[in-house]
Amino acid sequence: MKILYHHRTASKDGQAVHIEEMIEALRSEGHEVRVVSPGGDEPEGSAPGQGGNGQMGSDMGWVHRLKALMPKALYELMELAYSVLAYRKLMKAAKDFRPDVIYERYNLFLLSGLMAKKRLGIPLLLEVNAPLVFERSQHSGGLALQALARWAEGVAWRGADCVLPVTNVLADHVRARGVPDSRIQVIPNGINRAHFAQAPTQETAKAHLGLQGRLVLGFTGFVRDWHGVDRIVDWMASPQAPSHTHLLVVGDGPVREALEQQARRLGLADRVTFTGVIHRDRVPAHVAAFDVALQPAVTPYASPLKLMEYLVLGKAVVAPATPNLLEVLTHEDNALLFDEAVPTGMQDALTRLCTDDSLRERLAVAAHDTIDRLSLTWTGNARRVVALSTSLAQASPTR
């Protein structure tokens with residue numbers, strides 16, 4: 001198929017990982033993909049995510065500075081106006097590429113994919129990773145033009161031929177805006193097996209990191225206050241925690257300094273390590289060292305990329321028993337889950353898992369098997385998208 005892929009994402013964090021992996025998976029399956037993005041129109045033969053540095057971190061400083069300098073309402077109107085610019089770029093790309101379908105990553109006030117779909121008479125698949133009206137109303141200082149934002153979100157979701165939320169929890173948000181079940185297909189985040197195939201053994205990984213003999217508790221990504229990693233550090237200082245536990249954070253985050261200060265205050269300075277921002281290619285070699293993989297908290301509607309990394313390398317996972325995670329995890333099968341409402345739930349789970357070798361081994365084996373059982377790969381996702389696209393294109397009127 002010929003797929004016109006559109007997004008408005010400038011960050012180099014997990015969003016970029018999703019975009020790049022999905023484009024690469026579609027191309028590896030033999031399909032032509034033309035990418036239209038803020039960085040420009042990428043020819044179908046170019047490397048996905050051109051211009052990225054492959055690092056695990058955010059490159060959105062310029063966006064935050066712009067938002068800080070402008071009145072909120074004006075910034076939101078500029079977001080909506082960007083749809084016109086993006087529409088023109090889509091139409092220019094479509095003129096010579098002649099796509100069979102448009103695949104767009106949803107963003108707030110972004111209507112260009114819908115506009116191009118109507119003009120070209122081809123199907124639009126809309127990938128949805130978050131209910132952004134709700135999310136931005138709760139965070140980032142709120143929305144100045146909330147009614148306009150709700151209108152734009154509803155129009156985009158209802159106008160797509162198929163909406164692709166990453167969890168069933170998120171699908172409920174989509175249904176609430178009037179999209180029928182027949183036009184909703186849940187496609188969770190995935191993993192690129194090849195990217196993790198060369199990961200070293202756990203012993204080799206620990207030796208390389210100087211963590212021999214340690215029971216490694218691992219976390220990947222951008223750690224924020226709401227993740228509750230401070231509770232893990234407190235637990236490590238308690239009598240319940242084995243004295244050889246070591247916290248390894250593969251990434252960085254705004255709470256790094258506070259966590260390092262906390263560790264020093266509790267006499268754990270030599271048992272907490274932050275790698276800082278590292279290249280994506282180095283992530284597997286770090287995750288390989290984990291004995292226990294940490295998902296201490298989660299956005300209620302998200303499909304966490306870090307969880308897929310933990311599962312593909314067969315790690316014993318500790319996570320909250322939230323509805324979105326229960327779509328992938330089963331308590332005492334492929335993870336040890338805890339009740340977020342219980343104040344010591346996470347700490348009790350850590351104590352149990354860190355003191356029971358056989359439980360860790362059993363969970364790790366089942367975790368590894370989860371990827372194949374649920375087909376949680378980018379290639380699997382690409383095949384689902386192509387099957388939907390083919391069905392929709394065949395049902396569309398001839399252009």
# chains A, B, ... in the order shown; residues from 1 in each chain; ligands from 1
>>> closest_atom_pairs(of="range 151-211 of chain A", to="range 245-265 of chain A", cutoff="12 Å", atoms="only C-alpha atoms", output="Markdown table")
| residue | atom | partner | partner_atom | distance |
| --- | --- | --- | --- | --- |
| A:Lys206 | CA | A:Leu248 | CA | 10.8 |
| A:Leu209 | CA | A:Leu248 | CA | 9.9 |
| A:Gly210 | CA | A:His246 | CA | 11.1 |
| A:Leu211 | CA | A:His246 | CA | 8.1 |
>>> write_last_selection(atoms="N, CA, C and O atoms", output="PDB file, in the first residue's frame")
ATOM      1  N   LYS A 206      25.238  -6.612  34.191  1.00  0.00           N
ATOM      2  CA  LYS A 206      25.576  -6.135  35.541  1.00  0.00           C
ATOM      3  C   LYS A 206      27.067  -5.856  35.670  1.00  0.00           C
ATOM      4  O   LYS A 206      27.481  -4.851  36.278  1.00  0.00           O
ATOM      5  N   LEU A 209      28.046  -2.614  34.135  1.00  0.00           N
ATOM      6  CA  LEU A 209      27.575  -1.452  34.897  1.00  0.00           C
ATOM      7  C   LEU A 209      28.145  -1.405  36.307  1.00  0.00           C
ATOM      8  O   LEU A 209      27.816  -0.494  37.083  1.00  0.00           O
ATOM      9  N   GLY A 210      28.974  -2.385  36.640  1.00  0.00           N
ATOM     10  CA  GLY A 210      29.550  -2.426  37.976  1.00  0.00           C
ATOM     11  C   GLY A 210      28.546  -2.795  39.057  1.00  0.00           C
ATOM     12  O   GLY A 210      28.663  -2.346  40.199  1.00  0.00           O
ATOM     13  N   LEU A 211      27.555  -3.610  38.698  1.00  0.00           N
ATOM     14  CA  LEU A 211      26.488  -3.964  39.638  1.00  0.00           C
ATOM     15  C   LEU A 211      26.487  -5.458  39.975  1.00  0.00           C
ATOM     16  O   LEU A 211      25.461  -6.016  40.343  1.00  0.00           O
TER      17      LEU A 211
END
>>> closest_residue(among="A:Phe97, A:Tyr310, A:Tyr301, A:Phe109", to="Tyr82 in chain A", atoms="only C-alpha atoms")
A:Phe109
>>> select_by_dssp(residues="range 57-286 of chain A", states="helix (DSSP H, G or I)", output="VMD selection string")
chain A and resid 61 to 69 72 to 97 112 to 120 132 to 138 146 to 159 168 to 176 181 to 183 193 to 196 202 to 209 225 to 227 229 to 236 256 to 265 269 to 271 280 to 286
>>> closest_residue(among="A:Leu268, A:Ala364, A:Val169, A:Ala130", to="Asn324 in chain A", atoms="only C-alpha atoms")
A:Val169
>>> residues_around(residues="Leu26 in chain A", least_positions_apart="2", cutoff="10 Å", atoms="only C-alpha atoms", output="PyMOL selection string")
chain A and resi 1+3+21-24+28-33+378-383+385-386
>>> write_last_selection(atoms="C-alpha atoms", output="PDB file, in the first residue's frame")
ATOM      1  CA  MET A   1       0.000   0.000   0.000  1.00  0.00           C
ATOM      2  CA  ILE A   3       0.479   5.250   3.160  1.00  0.00           C
ATOM      3  CA  GLU A  21       9.062   2.256  14.928  1.00  0.00           C
ATOM      4  CA  MET A  22       5.657   2.289  13.255  1.00  0.00           C
ATOM      5  CA  ILE A  23       7.028   3.803  10.049  1.00  0.00           C
ATOM      6  CA  GLU A  24       9.919   1.338   9.992  1.00  0.00           C
ATOM      7  CA  SER A  28       9.705  -3.493   6.439  1.00  0.00           C
ATOM      8  CA  GLU A  29       6.415  -5.124   5.432  1.00  0.00           C
ATOM      9  CA  GLY A  30       6.905  -3.795   1.908  1.00  0.00           C
ATOM     10  CA  HIS A  31       4.637  -0.758   1.995  1.00  0.00           C
ATOM     11  CA  GLU A  32       5.513   2.732   0.754  1.00  0.00           C
ATOM     12  CA  VAL A  33       5.282   5.420   3.436  1.00  0.00           C
ATOM     13  CA  TRP A 378       5.460  -2.979  15.911  1.00  0.00           C
ATOM     14  CA  THR A 379       5.353  -5.460  13.039  1.00  0.00           C
ATOM     15  CA  GLY A 380       2.129  -6.903  14.419  1.00  0.00           C
ATOM     16  CA  ASN A 381       0.728  -3.386  14.718  1.00  0.00           C
ATOM     17  CA  ALA A 382       1.751  -2.563  11.152  1.00  0.00           C
ATOM     18  CA  ARG A 383      -0.055  -5.651   9.891  1.00  0.00           C
ATOM     19  CA  VAL A 385      -3.074  -1.183  10.318  1.00  0.00           C
ATOM     20  CA  VAL A 386      -2.577  -2.499   6.786  1.00  0.00           C
TER      21      VAL A 386
END
>>> atom_distance(atom1="CA of Ile232 in chain A", atom2="CA of Ala321 in chain A")
17.4 Å
>>> atom_distance(atom1="CA of Pro300 in chain A", atom2="CA of Ala285 in chain A")
28.9 Å
